[in-house]
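S.K.: Before we start, here is the structure in question, set down as structure tokens.
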Amino acid sequence: MPVLHTERLTKQFGSGSTAVTALNNVNISIEPGEFVAIMGPSGCGKSTLLHLLGGLDRATSGRVLLEGTDISRLDDGALSLLRRRKIGFVFQFFNLIPVLTAQENVALPLMLDGRQKEAVRLAREWLGRVGLAERAESRPEQLSGGEQQRVAIARALIADPAILLADEPTGNLDSRAADDLLQVLRRSADDWGRTVVMVTHDARMAAYADRIVFMRDGTIVDDAPLGPRATVDEIAERAGSGR
Amino acid sequence: MTFQPVARPKVERGPVQRALLALLSDQPRHGYELRHLFEATLASHWELNSGQIYSSLERLARDGLVVEASIEKAGGPDRRLWAITDQGRAELLSWFRSAVPRDYRLRDELYVKLMLAIATRVEEPQEVVQVQRRELFRELHQHTAARNRCDPRGELPRILLLDSAIMHTEAELRWLDMVESRLQLLTQRPAPPLQPRPRGRPKKAAGDQPTAFSPATRRIEQSDGETG
């Protein structure tokens, strides 16, 4: 079963004569363990698509199915819960809380979910996985952009979501830090079994993915595999090893 | 030391011949040594077979840039020792001291294909762009994966080579984005005339001065030739 699936997904902003159709009947299917990049010129709808996939916004028409559940039918409370459990987000601007240390930032989602007991232990584990074990006590201002973004990924993954959504995660990083970050995203898929969907305008970053979806004017115009497609067994194995 | 650029050697030689000359610059060597050194120096997974080595050495010898220093008995393995000559050394230096020509793709097949797609519509220009874009992304993916598998301490030359491929592929993708954003304008250009101009020198109209940049009134001198 695809982990993410849309049917005739449409999003309109505004109404009447000033309405803008950001997404126009988009159909996309993403399998567990895939690393997908979504590219296209400014205004093509890629960020809108990502927001709808993650339940951050509601469609005008059409459906989004997350692990088979139609999220367009959920009320705000249920949607919020589903998001917290199933999806991790990474944005272009790191959105870390300045007064908290790296470890406290990573632990936050579990603290808010009533899982204080495991929060510290898991935060340490995830910081270790993204290569920042020694920076646990640093505040965001003491970290480089690349390090902050890695903290953001650890925070996104601590609640063990199946899906990681990233919106221009390297937009604010120099090319060395960007490559390092993409390697962490690659590990999220290869070693930790997540499905990764990344919006980017940077070709070099998109090339890390297994598949690129090209958008223009609110529709998908091409959908291309980049490397040898992993077999179903490999993907299943990856999905099993990280959880 | 003030740097004086020098003219590139007149005879065009491929990179294999150039490399062999350079590898002979400090001492004479056997063919098998040269093969090993070539592969080790370039670290680019470029393998040569003996046929390529010896035909290159023989070409260099014919041109007076290397000589055979000794020959072992015929019928045994090729134990010829090769040495660089003074002429070879001079040509080697002028190669190192001159710039490598880059033609900046002025006769590039992709450019030709795009212009023809626009003019003839055998295929939609958008499709030509997307086909190329897909392939470039595939290559970018392979090169990036290969680069990330390299050991940064032991394989730096290979990393540099892959970086070159990555950066050039990225540049080509950016160019395709530019082409795509201007396809509207490109397709609105007046179509080139598909009928050949009548032969013979056209009559000059009074006051009509031809310039290089006025295509509408451009005269073709007969000496240009009209074969298309």
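Ligands are numbered from 1 in the order shown, residues from 1 within each chain, and chains are lettered A, B, ... in the order they appear in the structure tokens.
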With only C-alpha atoms as the counted atoms, please give the residues lying no more than 9 Å from Leu42 (chain B), apart from itself and same-chain residues fewer than 4 positions off, as a PyMOL selection string.
M.R.: chain B and resi 37-38+46+157-158
S.K.: Using the selection just defined, write its residues with N, CA and C atoms as a PDB file, in the first residue's frame.
M.R.:
ATOM      1  N   LEU B  37      51.386   3.509 -14.181  1.00  0.00           N
ATOM      2  CA  LEU B  37      51.474   4.902 -13.720  1.00  0.00           C
ATOM      3  C   LEU B  37      50.297   5.741 -14.217  1.00  0.00           C
ATOM      4  N   PHE B  38      49.917   5.511 -15.473  1.00  0.00           N
ATOM      5  CA  PHE B  38      48.777   6.238 -16.053  1.00  0.00           C
ATOM      6  C   PHE B  38      47.541   6.036 -15.189  1.00  0.00           C
ATOM      7  N   TRP B  46      40.174   5.046 -15.482  1.00  0.00           N
ATOM      8  CA  TRP B  46      40.403   4.993 -16.917  1.00  0.00           C
ATOM      9  C   TRP B  46      41.462   3.935 -17.138  1.00  0.00           C
ATOM     10  N   PRO B 157      41.695  12.713  -5.723  1.00  0.00           N
ATOM     11  CA  PRO B 157      41.653  12.982  -7.171  1.00  0.00           C
ATOM     12  C   PRO B 157      40.325  12.553  -7.800  1.00  0.00           C
ATOM     13  N   ARG B 158      39.837  11.395  -7.386  1.00  0.00           N
ATOM     14  CA  ARG B 158      38.571  10.930  -7.973  1.00  0.00           C
ATOM     15  C   ARG B 158      37.413  11.846  -7.555  1.00  0.00           C
TER      16      ARG B 158
END
S.K.: Taking the backbone alone, and naming residues the way the document does, which bits of region 81-171 of chain B are helix (DSSP H, G or I) by DSSP, as a ChimeraX atom specification?
M.R.: /B:86-96,109-120,125-149,156-171
S.K.: Give me the chain A side of the contact with chain B, cut-off 10 Å, one line per residue showing its nearest atom pair and distance in Å at one decimal, counting only C-alpha atoms, sorted by chain and residue number, as CSV.
M.R.:
residue,atom,partner,partner_atom,distance
A:Gly40,CA,B:Asp177,CA,9.7
A:Pro41,CA,B:Asp177,CA,8.7
A:Asp179,CA,B:Asn148,CA,9.2
A:Asp180,CA,B:Asn148,CA,9.9
A:Gln183,CA,B:Asn148,CA,8.5
A:Asp202,CA,B:Glu170,CA,9.1
A:Ala203,CA,B:Glu170,CA,6.6
A:Arg204,CA,B:Glu170,CA,6.7
A:Met205,CA,B:His141,CA,9.3
A:Ala206,CA,B:Phe137,CA,8.2
A:Ala207,CA,B:His141,CA,4.6
A:Tyr208,CA,B:His141,CA,5.9
A:Ala209,CA,B:His141,CA,7.6
A:Asp210,CA,B:His141,CA,8.3
A:Arg211,CA,B:Arg138,CA,9.4
A:Ile212,CA,B:Phe137,CA,8.6
A:Phe214,CA,B:Gln130,CA,9.6
A:Val221,CA,B:Gln130,CA,9.3
A:Asp222,CA,B:Gln130,CA,8.1
A:Asp223,CA,B:Arg134,CA,9.1
A:Ala224,CA,B:Arg134,CA,6.8
A:Pro225,CA,B:Arg138,CA,7.8
A:Leu226,CA,B:Arg138,CA,4.8
A:Gly227,CA,B:Arg138,CA,6.6
A:Pro228,CA,B:Gln142,CA,9.8
S.K.: Next, dump the selected residues to file, keeping only C-alpha atoms, as a compact mmCIF listing (two decimals), in the first residue's frame.
M.R.:
# COMPACT_ATOMS: atom_id res chain seq x y z
CA GLY A 40 9.50 23.05 -10.26
CA PRO A 41 9.63 26.79 -10.86
CA ASP A 179 25.55 17.88 1.13
CA ASP A 180 25.98 16.78 4.75
CA GLN A 183 23.33 12.51 3.49
CA ASP A 202 18.34 22.90 -6.09
CA ALA A 203 19.17 20.27 -8.73
CA ARG A 204 22.17 18.94 -6.86
CA MET A 205 20.06 18.31 -3.77
CA ALA A 206 17.21 16.77 -5.76
CA ALA A 207 19.68 14.34 -7.30
CA TYR A 208 20.10 12.61 -3.92
CA ALA A 209 16.55 11.29 -4.21
CA ASP A 210 15.39 8.01 -5.78
CA ARG A 211 12.73 9.78 -7.79
CA ILE A 212 11.98 13.32 -8.97
CA PHE A 214 8.46 17.74 -11.77
CA VAL A 221 4.43 17.20 -15.72
CA ASP A 222 6.95 14.40 -15.25
CA ASP A 223 7.88 11.74 -12.75
CA ALA A 224 11.28 10.08 -13.20
CA PRO A 225 13.27 7.43 -11.30
CA LEU A 226 16.90 8.42 -10.76
CA GLY A 227 18.73 5.30 -9.79
CA PRO A 228 18.11 1.60 -9.95
S.K.: Please list as a PDB file with N, CA and C atoms, in the first residue's frame every residue within 9 Å of Val26 (chain A), counting only C-alpha atoms and excluding residues in the same chain fewer than 4 positions away.
M.R.:
ATOM      1  N   THR A   6      -2.585  10.581  -3.358  1.00  0.00           N
ATOM      2  CA  THR A   6      -3.589  11.634  -3.557  1.00  0.00           C
ATOM      3  C   THR A   6      -4.453  11.293  -4.763  1.00  0.00           C
ATOM      4  N   GLU A   7      -5.711  11.764  -4.709  1.00  0.00           N
ATOM      5  CA  GLU A   7      -6.635  11.578  -5.835  1.00  0.00           C
ATOM      6  C   GLU A   7      -7.238  12.914  -6.204  1.00  0.00           C
ATOM      7  N   ARG A   8      -6.999  13.343  -7.424  1.00  0.00           N
ATOM      8  CA  ARG A   8      -7.564  14.589  -7.957  1.00  0.00           C
ATOM      9  C   ARG A   8      -7.436  15.736  -6.957  1.00  0.00           C
ATOM     10  N   LEU A   9      -6.277  15.827  -6.337  1.00  0.00           N
ATOM     11  CA  LEU A   9      -6.059  16.817  -5.293  1.00  0.00           C
ATOM     12  C   LEU A   9      -6.021  18.222  -5.893  1.00  0.00           C
ATOM     13  N   THR A  10      -6.881  19.066  -5.342  1.00  0.00           N
ATOM     14  CA  THR A  10      -7.000  20.430  -5.872  1.00  0.00           C
ATOM     15  C   THR A  10      -6.994  21.417  -4.724  1.00  0.00           C
ATOM     16  N   LEU A  49       1.582  21.325  -2.305  1.00  0.00           N
ATOM     17  CA  LEU A  49       1.407  19.873  -2.304  1.00  0.00           C
ATOM     18  C   LEU A  49       1.981  19.266  -1.026  1.00  0.00           C
ATOM     19  N   GLY A  62     -10.774  16.708  -3.720  1.00  0.00           N
ATOM     20  CA  GLY A  62      -9.858  15.588  -3.880  1.00  0.00           C
ATOM     21  C   GLY A  62      -9.456  15.029  -2.520  1.00  0.00           C
ATOM     22  N   GLY A 218       0.754  23.972 -11.114  1.00  0.00           N
ATOM     23  CA  GLY A 218      -0.207  23.213 -10.323  1.00  0.00           C
ATOM     24  C   GLY A 218      -0.413  21.769 -10.745  1.00  0.00           C
ATOM     25  N   THR A 219       0.333  21.293 -11.736  1.00  0.00           N
ATOM     26  CA  THR A 219       0.199  19.878 -12.098  1.00  0.00           C
ATOM     27  C   THR A 219       1.562  19.208 -12.182  1.00  0.00           C
ATOM     28  N   ILE A 220       1.522  17.887 -12.161  1.00  0.00           N
ATOM     29  CA  ILE A 220       2.742  17.106 -12.310  1.00  0.00           C
ATOM     30  C   ILE A 220       2.986  16.908 -13.806  1.00  0.00           C
TER      31      ILE A 220
END
S.K.: When you count only C-alpha atoms, which of these residues is closest to Leu56 (chain A): A:Pro161, A:Gly88, A:Pro169, A:Pro32?
M.R.: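 So, comparing all the options, the nearest one is A:Gly88.
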S.K.: Measuring between only C-alpha atoms, which one of A:Met215, A:Ala136, A:Leu66, A:Leu74 shows the shortest distance to Lys46 (chain A)?
M.R.: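 Answer, going by the shortest atom-to-atom distance: A:Met215.
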